[in-house]
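A.B. asks: Would you mind keeping the following structure in view while I ask a few things?
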Protein chains: 2
Amino acid sequence: MDDLATLGTTVTLRWAVPTDLPEVVAMLAADQLGVTREAVDDLEPYRAAFDAIAADPAHLLVVAVDGDRVIGTMQLTFIPGLARRGAWRAQIEAVRVHKDTRGSGVGGQMIGWAIEEARRRGCALVQLTTDKRRTGAHRFYERLGFVASHEGMKLAL
Amino acid sequence: MDDLATLGTTVTLRWAVPTDLPEVVAMLAADQLGVTREAVDDLEPYRAAFDAIAADPAHLLVVAVDGDRVIGTMQLTFIPGLARRGAWRAQIEAVRVHKDTRGSGVGGQMIGWAIEEARRRGCALVQLTTDKRRTGAHRFYERLGFVASHEGMKLAL
């Protein structure tokens with residue numbers, strides 16, 4: 001499979017494949033907030049979600065790999081809309097970098113690639129929400145040019 | 001076309017159709033923030049966006065109508081994801097109620113229907129972002145059960 005981008009001497013970005021799932025889910029579960037929300041010992045619901053993501057080209061699941069280790073992941077969704085003269089927007093979800101790799105710049109490079117991909121597809125906007133407790137993440141995204149202009153509102157069902 | 005829901009004695013909810021576009025775009029443009037972002041005299045970009053929304057069942061464009069007048073609109077997008085054990089989320093965008101109809105409860109009924117539809121489809125979460133300047137909207141969504149737990153970050157391209 002072709003790489004999407006080269007992020008460093010040994011790190012590349014590519015589409016996620018089913019065999020990446022254990023490592024990706026482990027990263028979701030290792031997260032400060034994800035630890036109570038994930039269940040790494042049962043991958044079945046994650047496989048179903050992977051298939052749903054793969055079934056619609058509106059969704060892209062990306063991993064950063066260093067050799068054969070998965071060190072980062074993010075999901076993009078491209079959303080058409082009437083507002084802003086029929087603008088498309090790119091939405092970023094579920095960004096994680098492996099704890100052993102934080103501070104290496106991989107996260108910023110992943111988001112930088114997402115912004116370029118959104119631009120290439122003619123999106124007018126890139127958007128994401130980040131938990132208000134993740135103050136480090138806010139600074140990270142602001143450095144990349146994002147503005148915290150909106151309230152991100154959630155309702156759990 | 002069948003109605004999705006009856007919101008009052010004369011108000012119903014249904015899928016948007018192309019002939020609704022002038023009224024929907026007029027509502028987007030009449031908005032306090034939309035007035036500088038929309039261009040009602042050229043519907044072509046809106047028609048293209050409408051076709052893109054209609055082309056993928058992940059996206060739903062809904063209107064509330066009173067007789068043959070369009071008095072409300074919103075867009076839903078259903079997003080699969082790995083996080084939260086492979087949870088689907090429903091995202092609400094571009095909610096508008098005609099200025100002559102505000103305070104009638106139509107907005108709350110539209111969002112209430114969206115929440116029920118998300119539940120029916122097995123979503124774990126309903127999410128939206130709202131501009132920090134729209135303080136009335138924050139109270140509106142909080143009354144409906146939403147929690148402003150996240151920063152909504154945007155990057156214009």
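In the structure tokens, chains take letters A, B, ... by order of appearance, with residues numbered from 1 within each chain and ligands from 1 in the order shown.
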What residues in chain A have any atom no more than 8 Å from chain B when counting only C-alpha atoms, and can you write them as a ChimeraX atom specification?
C.D. replies: /A:25,28,34,37-39,45-50,52-53,75,77,79-88,94,119,123-132,138,141,145-157
A.B. asks: By how many Å are atom CA of A:Ala114 and atom CA of A:Arg69 apart?
C.D. replies: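 Calculated distance between atom CA of A:Ala114 and atom CA of A:Arg69 is 20.7 Å.
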A.B. asks: I'd like the contact shell of B:Arg102 - 10 Å cut-off, only C-alpha atoms, skipping same-chain residues fewer than 5 positions apart - returned as a ChimeraX atom specification.
C.D. replies: /B:71-72,96-97,107
A.B. asks: Please produce an output containing N, CA, C and O atoms for each residue in the selection, written as a PDB file, in the first residue's frame.
C.D. replies:
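Below is the file selection.pdb, written as the result:
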ATOM      1  N   ILE B  71     -40.095  26.657   7.848  1.00  0.00           N
ATOM      2  CA  ILE B  71     -39.863  27.501   9.038  1.00  0.00           C
ATOM      3  C   ILE B  71     -38.676  27.025   9.862  1.00  0.00           C
ATOM      4  O   ILE B  71     -38.307  27.666  10.845  1.00  0.00           O
ATOM      5  N   GLY B  72     -38.059  25.918   9.468  1.00  0.00           N
ATOM      6  CA  GLY B  72     -36.890  25.457  10.214  1.00  0.00           C
ATOM      7  C   GLY B  72     -36.080  24.488   9.382  1.00  0.00           C
ATOM      8  O   GLY B  72     -36.593  23.905   8.420  1.00  0.00           O
ATOM      9  N   ARG B  96     -31.432  26.169  11.984  1.00  0.00           N
ATOM     10  CA  ARG B  96     -32.004  27.515  11.871  1.00  0.00           C
ATOM     11  C   ARG B  96     -33.519  27.420  12.005  1.00  0.00           C
ATOM     12  O   ARG B  96     -34.132  26.488  11.490  1.00  0.00           O
ATOM     13  N   VAL B  97     -34.090  28.426  12.671  1.00  0.00           N
ATOM     14  CA  VAL B  97     -35.545  28.560  12.741  1.00  0.00           C
ATOM     15  C   VAL B  97     -35.883  29.945  12.194  1.00  0.00           C
ATOM     16  O   VAL B  97     -35.183  30.930  12.479  1.00  0.00           O
ATOM     17  N   GLY B 107     -37.840  24.807  17.303  1.00  0.00           N
ATOM     18  CA  GLY B 107     -36.416  24.451  17.372  1.00  0.00           C
ATOM     19  C   GLY B 107     -36.182  23.292  18.334  1.00  0.00           C
ATOM     20  O   GLY B 107     -35.495  22.325  17.998  1.00  0.00           O
TER      21      GLY B 107
END
A.B. asks: In Å, rounded to a single decimal, give me how far atom CA of B:Asp3 is from atom CA of B:Ala16.
C.D. replies: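 Answer for the atom CA of B:Ala16 to atom CA of B:Asp3 separation: 10.8 Å.
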A.B. asks: Taking only C-alpha atoms into account, which of B:Met27, B:Ile92, B:Val17, B:Val106 comes nearest B:Ala64?
C.D. replies: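 Under the stated criterion, the closest residue is B:Val106.
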